[in-house]
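Quick look at upload.txt (compact mmCIF, C-alpha atoms):
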# COMPACT_ATOMS: atom_id res chain seq x y z
CA MET A 1 22.41 -8.71 10.42
CA ARG A 2 20.63 -11.56 12.22
CA VAL A 3 18.10 -13.54 10.15
CA PRO A 4 14.78 -13.73 12.05
CA MET A 5 13.64 -17.21 13.10
CA ILE A 6 10.45 -17.05 10.98
CA SER A 7 12.55 -16.42 7.84
CA ARG A 8 14.70 -19.47 8.57
CA VAL A 9 11.62 -21.64 9.17
CA ILE A 10 10.02 -20.52 5.90
CA ALA A 11 13.25 -21.08 3.94
CA ALA A 12 13.56 -24.59 5.39
CA ALA A 13 9.91 -25.39 4.59
CA VAL A 14 10.24 -24.21 0.99
CA ALA A 15 13.48 -26.21 0.55
CA ALA A 16 11.72 -29.29 1.92
CA LEU A 17 8.93 -28.87 -0.65
CA PHE A 18 11.38 -29.30 -3.48
CA VAL A 19 13.63 -31.95 -1.92
CA THR A 20 10.71 -34.24 -1.07
CA GLY A 21 8.96 -33.93 -4.44
CA THR A 22 8.41 -37.16 -6.37
CA ALA A 23 10.71 -38.16 -9.20
CA ASN A 24 7.86 -37.55 -11.67
CA ALA A 25 7.03 -34.09 -10.31
CA GLN A 26 7.09 -31.21 -12.75
CA GLY A 27 8.99 -28.16 -11.57
CA ALA A 28 9.27 -24.55 -12.70
CA ILE A 29 11.27 -21.44 -11.92
CA GLU A 30 9.95 -17.92 -12.51
CA LEU A 31 11.72 -14.59 -12.85
CA ARG A 32 9.45 -11.55 -12.55
CA GLY A 33 9.51 -7.78 -12.44
CA GLY A 34 6.76 -5.36 -11.57
CA ALA A 35 5.43 -3.11 -8.85
CA ASN A 36 4.56 -3.51 -5.19
CA VAL A 37 1.55 -1.38 -4.29
CA PRO A 38 0.94 -0.52 -0.60
CA THR A 39 -2.64 0.09 0.56
CA PHE A 40 -4.46 1.21 3.71
CA ASP A 41 -2.30 2.56 6.59
CA ILE A 42 1.10 1.67 5.09
CA ALA A 43 0.15 3.70 1.99
CA ASP A 44 0.24 6.84 4.16
CA VAL A 45 4.04 6.64 4.20
CA ALA A 46 5.07 4.42 1.28
CA LYS A 47 4.56 4.97 -2.45
CA ALA A 48 4.19 2.16 -4.98
CA GLY A 49 7.60 0.99 -6.07
CA GLY A 50 9.43 -1.34 -8.39
CA SER A 51 10.10 -4.94 -7.52
CA PHE A 52 11.64 -8.12 -8.79
CA GLY A 53 10.84 -11.66 -7.79
CA VAL A 54 11.68 -15.30 -8.18
CA GLY A 55 9.38 -18.27 -7.77
CA LEU A 56 9.94 -22.00 -7.44
CA SER A 57 7.09 -24.43 -8.08
CA THR A 58 6.64 -28.18 -7.93
CA LYS A 59 3.53 -29.83 -9.37
CA VAL A 60 2.63 -32.66 -7.01
CA SER A 61 -0.61 -33.86 -8.63
CA GLU A 62 -2.67 -33.16 -11.72
CA ARG A 63 -3.84 -29.79 -10.33
CA LEU A 64 -1.89 -29.14 -7.12
CA TRP A 65 1.30 -27.03 -6.92
CA LEU A 66 3.66 -26.29 -4.04
CA ILE A 67 5.07 -22.78 -4.55
CA GLY A 68 7.76 -20.66 -2.96
CA ASP A 69 7.63 -16.99 -4.03
CA PHE A 70 10.10 -14.30 -3.07
CA ASP A 71 9.48 -10.66 -4.03
CA PHE A 72 11.80 -7.75 -3.27
CA GLY A 73 10.65 -4.13 -3.60
CA THR A 74 11.67 -0.58 -2.78
CA HIS A 75 9.20 2.17 -1.93
CA ALA A 76 9.86 5.89 -1.87
CA ASN A 77 8.81 7.50 1.40
CA LYS A 78 5.86 9.90 0.99
CA THR A 79 7.12 12.18 3.74
CA SER A 80 9.35 14.99 2.55
CA GLY A 81 12.93 13.80 2.50
CA GLY A 82 12.14 10.57 4.35
CA PRO A 83 14.22 7.44 3.77
CA ASP A 84 13.21 4.76 1.26
CA ILE A 85 11.49 1.64 2.54
CA THR A 86 12.45 -1.86 1.39
CA VAL A 87 9.74 -4.52 1.61
CA ASN A 88 10.64 -8.18 1.01
CA HIS A 89 8.08 -10.99 0.76
CA TYR A 90 8.88 -14.66 1.55
CA ILE A 91 5.80 -16.81 1.00
CA ALA A 92 5.19 -20.59 0.83
CA LYS A 93 1.97 -21.37 -1.05
CA LEU A 94 -0.37 -24.05 -2.19
CA GLY A 95 -1.64 -23.55 -5.74
CA TYR A 96 -4.66 -25.07 -7.45
CA GLU A 97 -4.63 -25.27 -11.25
CA LEU A 98 -8.05 -24.57 -12.75
CA GLY A 99 -9.28 -26.96 -15.44
CA LYS A 100 -8.28 -26.18 -19.00
CA ARG A 101 -8.63 -27.57 -22.49
CA ALA A 102 -5.59 -29.55 -23.64
CA GLU A 103 -5.09 -27.32 -26.71
CA SER A 104 -5.21 -24.09 -24.72
CA PRO A 105 -1.85 -22.41 -24.00
CA LEU A 106 -3.34 -20.59 -20.96
CA THR A 107 -3.16 -21.99 -17.41
CA VAL A 108 -4.58 -20.30 -14.32
CA VAL A 109 -3.29 -21.28 -10.87
CA LEU A 110 -5.04 -19.83 -7.80
CA ASN A 111 -2.80 -19.72 -4.72
CA ALA A 112 -2.82 -19.00 -1.00
CA GLY A 113 -0.04 -19.21 1.54
CA ILE A 114 1.80 -18.06 4.63
CA GLY A 115 5.22 -16.62 5.22
CA ALA A 116 6.89 -13.42 6.29
CA MET A 117 7.45 -9.86 5.14
CA SER A 118 10.41 -7.68 6.09
CA PHE A 119 10.19 -3.89 6.23
CA GLY A 120 13.51 -2.04 6.20
CA ILE A 121 14.03 1.69 6.53
CA ASP A 122 17.16 3.04 4.81
CA GLY A 123 19.63 3.83 7.55
CA GLY A 124 17.33 2.35 10.19
CA ASP A 125 15.88 -0.85 11.53
CA THR A 126 14.43 -3.84 9.67
CA TYR A 127 11.35 -5.57 11.06
CA THR A 128 10.05 -9.00 9.98
CA TYR A 129 6.48 -10.10 10.59
CA PRO A 130 4.27 -13.13 9.81
CA ALA A 131 2.23 -12.71 6.63
CA ILE A 132 -0.52 -14.33 4.57
CA ASN A 133 -1.03 -14.34 0.82
CA VAL A 134 -3.69 -14.90 -1.85
CA GLY A 135 -3.27 -14.50 -5.56
CA ALA A 136 -3.07 -16.12 -8.95
CA LYS A 137 -0.62 -17.05 -11.66
CA LEU A 138 -1.67 -16.57 -15.25
CA ILE A 139 0.65 -18.72 -17.34
CA TYR A 140 0.79 -18.52 -21.14
CA ARG A 141 2.71 -21.48 -22.58
CA VAL A 142 4.95 -20.55 -25.52
CA ASN A 143 6.41 -24.08 -25.80
CA ASP A 144 6.91 -27.12 -23.55
CA ARG A 145 9.63 -25.43 -21.47
CA PHE A 146 9.03 -21.67 -21.74
CA SER A 147 5.99 -19.63 -20.64
CA LEU A 148 5.08 -16.04 -19.94
CA VAL A 149 3.61 -15.40 -16.50
CA ALA A 150 1.60 -12.66 -14.79
CA SER A 151 1.40 -12.89 -11.02
CA PRO A 152 -1.07 -10.62 -9.21
CA GLN A 153 -0.74 -11.23 -5.44
CA GLY A 154 -2.01 -9.76 -2.20
CA ASP A 155 0.17 -9.98 0.91
CA ILE A 156 -0.79 -8.89 4.43
CA ALA A 157 1.81 -8.63 7.20
CA PHE A 158 0.67 -8.66 10.83
CA THR A 159 2.82 -5.81 12.12
CA LYS A 160 3.32 -3.98 15.40
CA GLU A 161 1.83 -0.51 15.57
CA ALA A 162 4.70 0.74 17.75
CA GLU A 163 7.19 -0.19 14.99
CA LEU A 164 5.34 0.54 11.73
CA GLY A 165 2.37 2.63 12.81
CA THR A 166 -0.18 -0.03 11.90
CA THR A 167 -1.14 -3.54 13.03
CA ASN A 168 -1.32 -4.81 9.46
CA ALA A 169 0.47 -3.81 6.28
CA TRP A 170 -1.12 -4.63 2.95
CA VAL A 171 1.28 -4.71 -0.02
CA TRP A 172 0.24 -6.04 -3.42
CA PRO A 173 2.99 -7.43 -5.69
CA PHE A 174 1.89 -7.22 -9.34
CA ALA A 175 4.52 -8.75 -11.57
CA ALA A 176 5.12 -10.31 -14.97
CA GLY A 177 7.97 -12.29 -16.39
CA PHE A 178 8.85 -15.71 -17.66
CA ARG A 179 8.68 -19.27 -16.40
CA ILE A 180 10.95 -22.16 -17.28
CA THR A 181 9.56 -25.67 -16.73
CA TYR A 182 11.88 -28.57 -16.03

Just give me the structure as structure tokens.
Amino acid sequence: MRVPMISRVIAAAVAALFVTGTANAQGAIELRGGANVPTFDIADVAKAGGSFGVGLSTKVSERLWLIGDFDFGTHANKTSGGPDITVNHYIAKLGYELGKRAESPLTVVLNAGIGAMSFGIDGGDTYTYPAINVGAKLIYRVNDRFSLVASPQGDIAFTKEAELGTTNAWVWPFAAGFRITY
């Protein structure tokens, strides 16, 4: 299977974020599980389904984060006997950490970004489209290296109606998991 050009560009951009970070930059990796919820036209054919995700983050200033999030989900087809649909999200983001009290274990990071989403039909074609994202990360620090994280996101792919039956596909990854800071 050929990797679409937009996916290669996004992967290179995310890699560059982490390679070019300063020596003093704080980094984190997240592992998440949850549900991807389709809405609007795409919800006519796809049910909400389970997902898992991984995130890489680099803190580049007191409040600014560079984030690469990757979420992978499977949706049952709403049509009788139709094939399952796989939706993968590849998003590079800029995150802004809201102010907090030093003694508080809770951190909130608002994020927005661009990337791509791939839609694959079991036994059929896979289509990849440009996408945008907005969301947040709610991080509860357990200790200096380990945190719990909830990650509500909203992703919109700019699709082709002839391929997916809509010009935009809205899929909302809602996930929770853990975050390791290094």

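The coordinates place CA of Asn143 (chain A) at 25.0 Å from CA of Phe70 (chain A).
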
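With all atoms listed in the file as the atoms that count, the minimum distance from Thr159 (chain A) to the choices A:Ala176, A:Ile29, A:Met117, A:Leu94 is reached by A:Met117.
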
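Of the listed residues A:Ile121, A:Ala136, A:Ala175, A:Ile91, the one whose atoms come nearest to Ile156 (chain A) is A:Ile91, with distances taken using all atoms listed in the file.
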
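CA of Pro38 (chain A) lies 7.6 Å from CA of Ala169 (chain A).
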
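In this model, the gap between CA of Leu148 (chain A) and CA of Ala116 (chain A) comes to 26.4 Å.
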
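Ranking A:Tyr127, A:Tyr96, A:Asp71, A:Lys78 by their shortest atom-to-atom distance to Ile42 (chain A), with all atoms listed in the file included, puts A:Lys78 first.
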
Edge lengths and centre, in Å to one decimal, as lines of an AutoDock Vina configuration file: that's what I need for the box along x, y and z that holds all listed atoms of region 145-159 of chain A plus 4 Å on each side.
center_x = 3.8
center_y = -15.6
center_z = -4.8
size_x = 19.6
size_y = 27.6
size_z = 41.9

Practice task
Would you list the contacts of region 46-52 of chain A as a PyMOL selection string, taking every protein, DNA or RNA residue within 10 Å and counting all atoms listed in the file, but skipping same-chain residues closer than 5 positions in sequence?
Solution key: chain A and resi 31-39+41+70-79+82-88+171-177

Fill in the blank from the handout: One residue among A:Gly95, A:Pro152, A:Gly123, A:Gly81 is nearest to Trp65 (chain A) when using all atoms listed in the file, and that residue is A:Gly95
